[in-house]
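Report on the structure given below.
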2 protein chains.
Amino acid sequence: MNMSGQRLSIAALGGVHEIGKNMYFLQYANDIIVIDCGSKFPDESLLGIDLIIPDVTYLLNNIDKVRALVVTHGHEDHIGGIPYLLKQLNLPVYASRLTIGLIENKLKEHGLLRQTSLHCINAESTLELGSITATFFNTNHSIPDCLGIVFDTPEGTVVHTGDFKFDMTPVNRQYPDIHKMAEIGKKGVKFLLSESTNAERPGFTPSEKLVGAHMEEAFFKADQRIFVSTFASNVHRLQQIVDAAQHTGRKLTLLGRSMVNVVGVAQELGYLNIPDGMLVEPAEAAKLDSDKIAVLCTGSQGEPMAALSRLANASHRQLQINAGDTVLIAANAIPGNERNVSKIVDNLYILGARVIYGSRSELHVSGHGSQEELKLMLTLMKPEYFIPIHGEYRMLHHHSQLAEDVGVERDNIFILKNGDIVESSAGKVRQSGRVPSGQTLVDGLGIGDIGNVVLRDRRQLSADGILITVITLNQTDGKMLNEPDTISRGFVYVRNSESLMEEINQLVTATLLKLSPADLGQWSIMKQTLKDTLGKFLYERTKRRPMILPIIIEV
Amino acid sequence: MNMSGQRLSIAALGGVHEIGKNMYFLQYANDIIVIDCGSKFPDESLLGIDLIIPDVTYLLNNIDKVRALVVTHGHEDHIGGIPYLLKQLNLPVYASRLTIGLIENKLKEHGLLRQTSLHCINAESTLELGSITATFFNTNHSIPDCLGIVFDTPEGTVVHTGDFKFDMTPVNRQYPDIHKMAEIGKKGVKFLLSESTNAERPGFTPSEKLVGAHMEEAFFKADQRIFVSTFASNVHRLQQIVDAAQHTGRKLTLLGRSMVNVVGVAQELGYLNIPDGMLVEPAEAAKLDSDKIAVLCTGSQGEPMAALSRLANASHRQLQINAGDTVLIAANAIPGNERNVSKIVDNLYILGARVIYGSRSELHVSGHGSQEELKLMLTLMKPEYFIPIHGEYRMLHHHSQLAEDVGVERDNIFILKNGDIVESSAGKVRQSGRVPSGQTLVDGLGIGDIGNVVLRDRRQLSADGILITVITLNQTDGKMLNEPDTISRGFVYVRNSESLMEEINQLVTATLLKLSPADLGQWSIMKQTLKDTLGKFLYERTKRRPMILPIIIEV
């Protein structure tokens, strides 16, 4: 794949046709700039897998050309893959202050901090990266210190928005820099890559300030302890919770590792302002009067191991929820998590808590712009070409529709799959060719070694279990030495199934006796015949299809 | 548990603290009346399980007292368990005409039709069931022919609402009988059991008629084929779709077994009015001009095997969706199904279809009453005691709150678990005692044989697979005859893991050699030691915990 010469290439390695593991790159001549490197959580079909990261084969194949990783903000779906990337290739990382802080935490965990070159940037920075110059602009989102990126290339300007909304009354005065965006658009934008998360939603996403008002109200109405659960990374939200606690004379304690981490980093870097003496340890919080304490905890997505879930199960070691306490769930359940969140709400009510939750609670607003904001970005940037990113297909589709509505030519809009390339050469733009792309699965310590075979096996095992039959044969004449020995796991409850096991053993013996002398020596034929015969028998008997594993031992 | 004497007992065997498998009973002296017998679909933690039904041990232990099963309406969560119940005990079944039709279909599948005593009832019926007399009233819901039940007992009147909303402009003129409900309430209701599905939702659920208007609009706007997916059981919705097809000069074809079944039953019994000649077979539909056909299909919840999913994957044998076709998803995703529905929408867009979906589509309204309707029912019935049913805990909790708001004494409100009993004796009412209750799991042909052990095994197998090590010992001296033989499935990709397998075999040998002569003969000790040693080794190496299964063969 010839990527050199006067050609600009733009591609996604992750983040299109999906939500999660965002990773994009620009290439001009011998310069590749990578934008973001996120991770994604597996759904239930990826059994036993911990994390999914983008397949970076292309970068490894062009390792000498990779100049830099530029990061738009500190959410997991933009930084979660960085440690795994840096284990495979070393490249300098450019990110804003809070983002650097969060990346550093990850690198420490993976023992990579010392060898990584981390550079702090902001909206005023300029990066000369070979033939490409990068400048930046402030956007706002549900985490502070978000940047959009402007790439000046010989084939024109490429703008990558990062994640954004237009919150005109931002909590920490981190305004979206509309004037700068207007200037960028005025100068001329060839390509716009803009995030599509809320492209299906009409209207304008409400401001984070609204949450603050409702949070204060909820704090005032509570007469006993308050437990608030929200995304740890939403530092603006944490600030409003701190403010509400302060206004109601409550101290604050933190439950959950990611909450402690983020609050630590945010406070240290000046993004979170907590009055002296307000933060207390959980042990001390347990002793305070119930109307003098608020608890900020992880687990707003119903994660079974996080603090909120354990509090709801009355299994948290340090604190408990008593009847009359108030629990505020300041988050909407991400699709897939609703049942876990519902179970927690049920358990909280059973404990006698007052619970404020759900989309009507007004304790949460999205961090992503809705249709009017996406159109605003398109209007400010006035791109000639448009590539919607950061979304599942229907979101990319709706975003394309919005782009067309504001005046981008339909033929100039590209809905890409991961790996697809849009290239621009001497001003001519087209979608052309692909680079390797895909998902790399992280399971325990293994990165990328779990593939389809293992997953397929796990799926079968999970549905109907396994039946193992061990056959011992005499080395000399190939005849069976013992009765077969049949064991099952996850198939039937053995104590109630002795007669079934007996029948299986008899069937195994009978099947082997029926084999011709020629076949009898051929283990692969013996095993396959056994699998077929047993499989058929078990399905007729039980309508179940356990994995069947014949093991032949020669003695 | 003495349940005789002048005591009325009310309990749920399914349907409280959950949505699904509704089953309730009343008992007075030697008369037990069962209300509904539904089923429930398993979530992902119940691996390989097909269906969940209520545990009816209590009824089996009191088989001579069970007088009748009275069914409120034909939804799966009210009739899905009936075949399994009737396999265990024979009792007469009373239900409305459409409900009988749907129950008959199920009984035919299970070969139970001939031996079952099915009785057709309606809002005018009176049933004398020993000491209890049952009368009925019309309600409306997302299926026709729904009944609420009034039980007159010597300890007072018990009302069971079935599922309901108050749709004042019902599609087929099946009005909720508010006047009769008022009379019942005026005469005096001791206990009210009312459904809680939408108890968290403020306001009033919109009428089904609204959907009709939007459906017509969507049909008029479509210029090619129309595919509509909705719940097969919502006959009112089907009628509106038929009407829209008729008004736009389109024939109609059905895809999906449950759609064909329900339309068949509903047409035959007069609940669905389809003009002659309108219904065509899929093969014929494929030949018609694209603006002359509408397709009504199953799969609105994203079910992978249903019609809509296969159409979206372009894998349906009879029909395909072309670019420019319109797909209407007239349903909201039930929590847990959102991702499957989203994937289908993505695929439909990729095929180039126009898709109308989601809560903003106005093509769906709930069949369950919201808070104002629940309060209306409470106000009409004016019960002395209240038992919220048909809901997860938070729904029961909110419903209890509504009951308190309208004036029911807090102490007269009972939030029950399945198996809890509320009893009334000589006018005194209290919650007292329990009957056996729980879930019976249906897997393949097995009913109830899959328990915790099997499920726990399936979970472990699904996460990290299994490692089997076969050890052959000399019968005479207990020494190992061969090298151990280690096989894995779902753990690692074996071709890349030969050295790991080799290390495992060496570890097995070393572990056995270290055993004392006394332990060496004890298979349970040998196996446990191997499990512990291998488990530790594998976790340190891989951070994974496959099931470890040592098999010892003596020759």
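If you're wondering about the labels, chains in the structure tokens are A, B, ... by order shown, residues count from 1 in each chain, ligands from 1 in order shown.
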Subject >> Polymer residues at most 12 Å from range 474-482 of chain B, only C-alpha atoms, same-chain spacing of 6 or more positions, as a list of chain:residue names >> reply: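 Once the nearby chain positions are removed, what remains is A:Thr472, A:Gln475, A:Asn482, A:Ile553, A:Glu554, A:Val555, B:Asn505, B:Val508, B:Thr509, B:Ala510, B:Thr511, B:Leu512, B:Leu513, B:Leu515, B:Ser516, B:Pro517, B:Ala518, B:Asp519, B:Leu520, B:Gly521, B:Gln522, B:Trp523, B:Met526, B:Ile552, B:Ile553, B:Glu554, B:Val555.
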**OP:** Could you please tell me, as a PyMOL selection string, which residues of chain A have an atom within 6 Å of chain B when using only C-alpha atoms?
**Re:** chain A and resi 47-48+346+393-394+444-445+454+457-458+461-465+490+542-544
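As for CA of Lys382 in chain B and CA of Ala12 in chain B, they are spaced 21.6 Å apart.
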Subject >> Long-range neighbours of Gly391 in chain A as a ChimeraX atom specification, 9 Å cut-off, only C-alpha atoms, 5 positions minimum in chain >> reply: /A:15-20,195-199,396
Write the residues of the preceding selection, restricted to N, CA, C and O atoms, as a PDB file, in the first residue's frame.
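Result file is part07.pdb:
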ATOM      1  N   GLY A  15     -13.386   3.493  16.597  1.00  0.00           N
ATOM      2  CA  GLY A  15     -14.269   4.604  16.912  1.00  0.00           C
ATOM      3  C   GLY A  15     -15.347   4.871  15.881  1.00  0.00           C
ATOM      4  O   GLY A  15     -16.241   5.686  16.117  1.00  0.00           O
ATOM      5  N   VAL A  16     -15.290   4.202  14.735  1.00  0.00           N
ATOM      6  CA  VAL A  16     -16.406   4.324  13.792  1.00  0.00           C
ATOM      7  C   VAL A  16     -17.101   2.958  13.694  1.00  0.00           C
ATOM      8  O   VAL A  16     -16.474   1.913  13.831  1.00  0.00           O
ATOM      9  N   HIS A  17     -18.374   3.002  13.488  1.00  0.00           N
ATOM     10  CA  HIS A  17     -19.220   1.810  13.573  1.00  0.00           C
ATOM     11  C   HIS A  17     -19.192   1.250  14.985  1.00  0.00           C
ATOM     12  O   HIS A  17     -19.464   0.068  15.210  1.00  0.00           O
ATOM     13  N   GLU A  18     -18.867   2.079  15.945  1.00  0.00           N
ATOM     14  CA  GLU A  18     -18.833   1.640  17.334  1.00  0.00           C
ATOM     15  C   GLU A  18     -18.708   2.851  18.243  1.00  0.00           C
ATOM     16  O   GLU A  18     -18.299   3.945  17.799  1.00  0.00           O
ATOM     17  N   ILE A  19     -19.029   2.636  19.508  1.00  0.00           N
ATOM     18  CA  ILE A  19     -18.695   3.626  20.530  1.00  0.00           C
ATOM     19  C   ILE A  19     -17.588   2.985  21.345  1.00  0.00           C
ATOM     20  O   ILE A  19     -17.782   1.913  21.929  1.00  0.00           O
ATOM     21  N   GLY A  20     -16.435   3.634  21.362  1.00  0.00           N
ATOM     22  CA  GLY A  20     -15.329   3.077  22.126  1.00  0.00           C
ATOM     23  C   GLY A  20     -14.081   2.943  21.276  1.00  0.00           C
ATOM     24  O   GLY A  20     -14.131   3.070  20.046  1.00  0.00           O
ATOM     25  N   GLU A 195     -17.521  14.403  16.187  1.00  0.00           N
ATOM     26  CA  GLU A 195     -18.081  13.279  16.939  1.00  0.00           C
ATOM     27  C   GLU A 195     -19.598  13.211  16.847  1.00  0.00           C
ATOM     28  O   GLU A 195     -20.289  14.231  16.874  1.00  0.00           O
ATOM     29  N   SER A 196     -20.130  11.972  16.806  1.00  0.00           N
ATOM     30  CA  SER A 196     -21.527  11.735  16.435  1.00  0.00           C
ATOM     31  C   SER A 196     -22.409  11.140  17.531  1.00  0.00           C
ATOM     32  O   SER A 196     -23.536  10.731  17.262  1.00  0.00           O
ATOM     33  N   THR A 197     -21.915  11.109  18.767  1.00  0.00           N
ATOM     34  CA  THR A 197     -22.598  10.350  19.824  1.00  0.00           C
ATOM     35  C   THR A 197     -24.089  10.658  19.936  1.00  0.00           C
ATOM     36  O   THR A 197     -24.916   9.751  20.020  1.00  0.00           O
ATOM     37  N   ASN A 198     -24.455  11.935  19.969  1.00  0.00           N
ATOM     38  CA  ASN A 198     -25.865  12.299  20.156  1.00  0.00           C
ATOM     39  C   ASN A 198     -26.540  12.751  18.860  1.00  0.00           C
ATOM     40  O   ASN A 198     -27.494  13.535  18.887  1.00  0.00           O
ATOM     41  N   ALA A 199     -26.038  12.275  17.728  1.00  0.00           N
ATOM     42  CA  ALA A 199     -26.573  12.736  16.451  1.00  0.00           C
ATOM     43  C   ALA A 199     -28.032  12.346  16.245  1.00  0.00           C
ATOM     44  O   ALA A 199     -28.707  12.900  15.377  1.00  0.00           O
ATOM     45  N   LEU A 396     -23.565   7.835  12.852  1.00  0.00           N
ATOM     46  CA  LEU A 396     -22.801   8.390  11.740  1.00  0.00           C
ATOM     47  C   LEU A 396     -23.767   8.783  10.609  1.00  0.00           C
ATOM     48  O   LEU A 396     -23.601   9.815   9.965  1.00  0.00           O
TER      49      LEU A 396
END
Would you pick out the contacts of range 370-377 of chain B at 7 Å or less, using only C-alpha atoms, so that residues sharing its chain but fewer than 2 positions from it are not included, and give the list as a tab-separated table (two decimals) with N, CA, C and O atoms, in the first residue's frame?
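Generated output (around28.tsv):
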chain	number	residue	atom	x	y	z
B	165	LYS	N	-54.36	-0.33	31.44
B	165	LYS	CA	-54.22	1.13	31.32
B	165	LYS	C	-55.64	1.65	31.24
B	165	LYS	O	-56.59	0.86	31.28
B	166	PHE	N	-55.81	2.95	31.14
B	166	PHE	CA	-57.15	3.50	30.89
B	166	PHE	C	-57.09	4.21	29.55
B	166	PHE	O	-56.76	5.38	29.46
B	198	ASN	N	-45.62	0.50	35.27
B	198	ASN	CA	-45.24	1.89	34.98
B	198	ASN	C	-45.37	2.81	36.18
B	198	ASN	O	-45.57	4.02	36.04
B	199	ALA	N	-45.26	2.26	37.39
B	199	ALA	CA	-45.47	3.07	38.60
B	199	ALA	C	-44.41	4.17	38.76
B	199	ALA	O	-44.60	5.10	39.53
B	201	ARG	N	-43.55	6.11	36.30
B	201	ARG	CA	-43.81	7.13	35.29
B	201	ARG	C	-44.92	8.09	35.67
B	201	ARG	O	-46.08	7.69	35.85
B	202	PRO	N	-44.59	9.37	35.72
B	202	PRO	CA	-45.65	10.33	36.02
B	202	PRO	C	-46.63	10.42	34.86
B	202	PRO	O	-46.31	10.01	33.73
B	203	GLY	N	-47.80	10.94	35.11
B	203	GLY	CA	-48.73	11.24	34.03
B	203	GLY	C	-49.63	10.09	33.64
B	203	GLY	O	-49.89	9.19	34.43
B	204	PHE	N	-50.08	10.15	32.40
B	204	PHE	CA	-51.09	9.24	31.87
B	204	PHE	C	-50.53	8.63	30.60
B	204	PHE	O	-49.99	9.36	29.77
B	205	THR	N	-50.64	7.34	30.43
B	205	THR	CA	-50.12	6.71	29.22
B	205	THR	C	-51.00	7.10	28.03
B	205	THR	O	-52.22	7.00	28.11
B	368	HIS	N	-49.31	-0.28	29.65
B	368	HIS	CA	-49.51	-0.23	31.11
B	368	HIS	C	-49.78	1.20	31.56
B	368	HIS	O	-49.18	2.14	31.03
B	379	THR	N	-58.45	4.81	43.32
B	379	THR	CA	-59.56	5.65	43.73
B	379	THR	C	-60.89	4.96	43.44
B	379	THR	O	-61.82	5.01	44.24
B	380	LEU	N	-60.98	4.30	42.28
B	380	LEU	CA	-62.22	3.58	41.94
B	380	LEU	C	-62.46	2.44	42.91
B	380	LEU	O	-63.58	2.22	43.36
B	381	MET	N	-61.39	1.70	43.24
B	381	MET	CA	-61.55	0.51	44.06
B	381	MET	C	-61.58	0.81	45.56
B	381	MET	O	-62.09	0.02	46.33
B	402	LEU	N	-47.94	5.70	45.83
B	402	LEU	CA	-49.17	6.24	45.23
B	402	LEU	C	-50.38	5.86	46.07
B	402	LEU	O	-51.29	6.68	46.28
B	406	VAL	N	-53.08	8.41	47.88
B	406	VAL	CA	-54.54	8.52	47.68
B	406	VAL	C	-55.32	8.17	48.94
B	406	VAL	O	-56.55	8.30	48.95
Original post:
Any idea what's packed within 7 Å of Lys292 in chain A, counting only C-alpha atoms, ignoring anything in its chain fewer than 4 positions away? Could you give it as a list in words?
Top reply: Gly249, Arg250, Lys251 and Leu288 of chain A
Original post:
Within 7 Å of range 144-158 of chain A, counting only C-alpha atoms, which residues qualify if same-chain residues fewer than 6 places away don't, as JSON, numbers by chain?
Top reply: {"A": [8, 72, 73, 96, 98, 123, 131, 132, 133, 134, 135, 136, 137, 138, 189, 190, 191, 192, 235, 424, 425, 427]}
**OP:** Just list the residues in range 144-323 of chain A DSSP gives strand (DSSP E or B) on the backbone, as JSON, numbers by chain.
**Re:** {"A": [146, 147, 148, 149, 150, 151, 152, 153, 156, 157, 158, 159, 160, 165, 191, 192, 193, 194, 195, 226, 227, 228, 229, 251, 252, 253, 254, 255, 279, 293, 294, 295, 296, 297]}
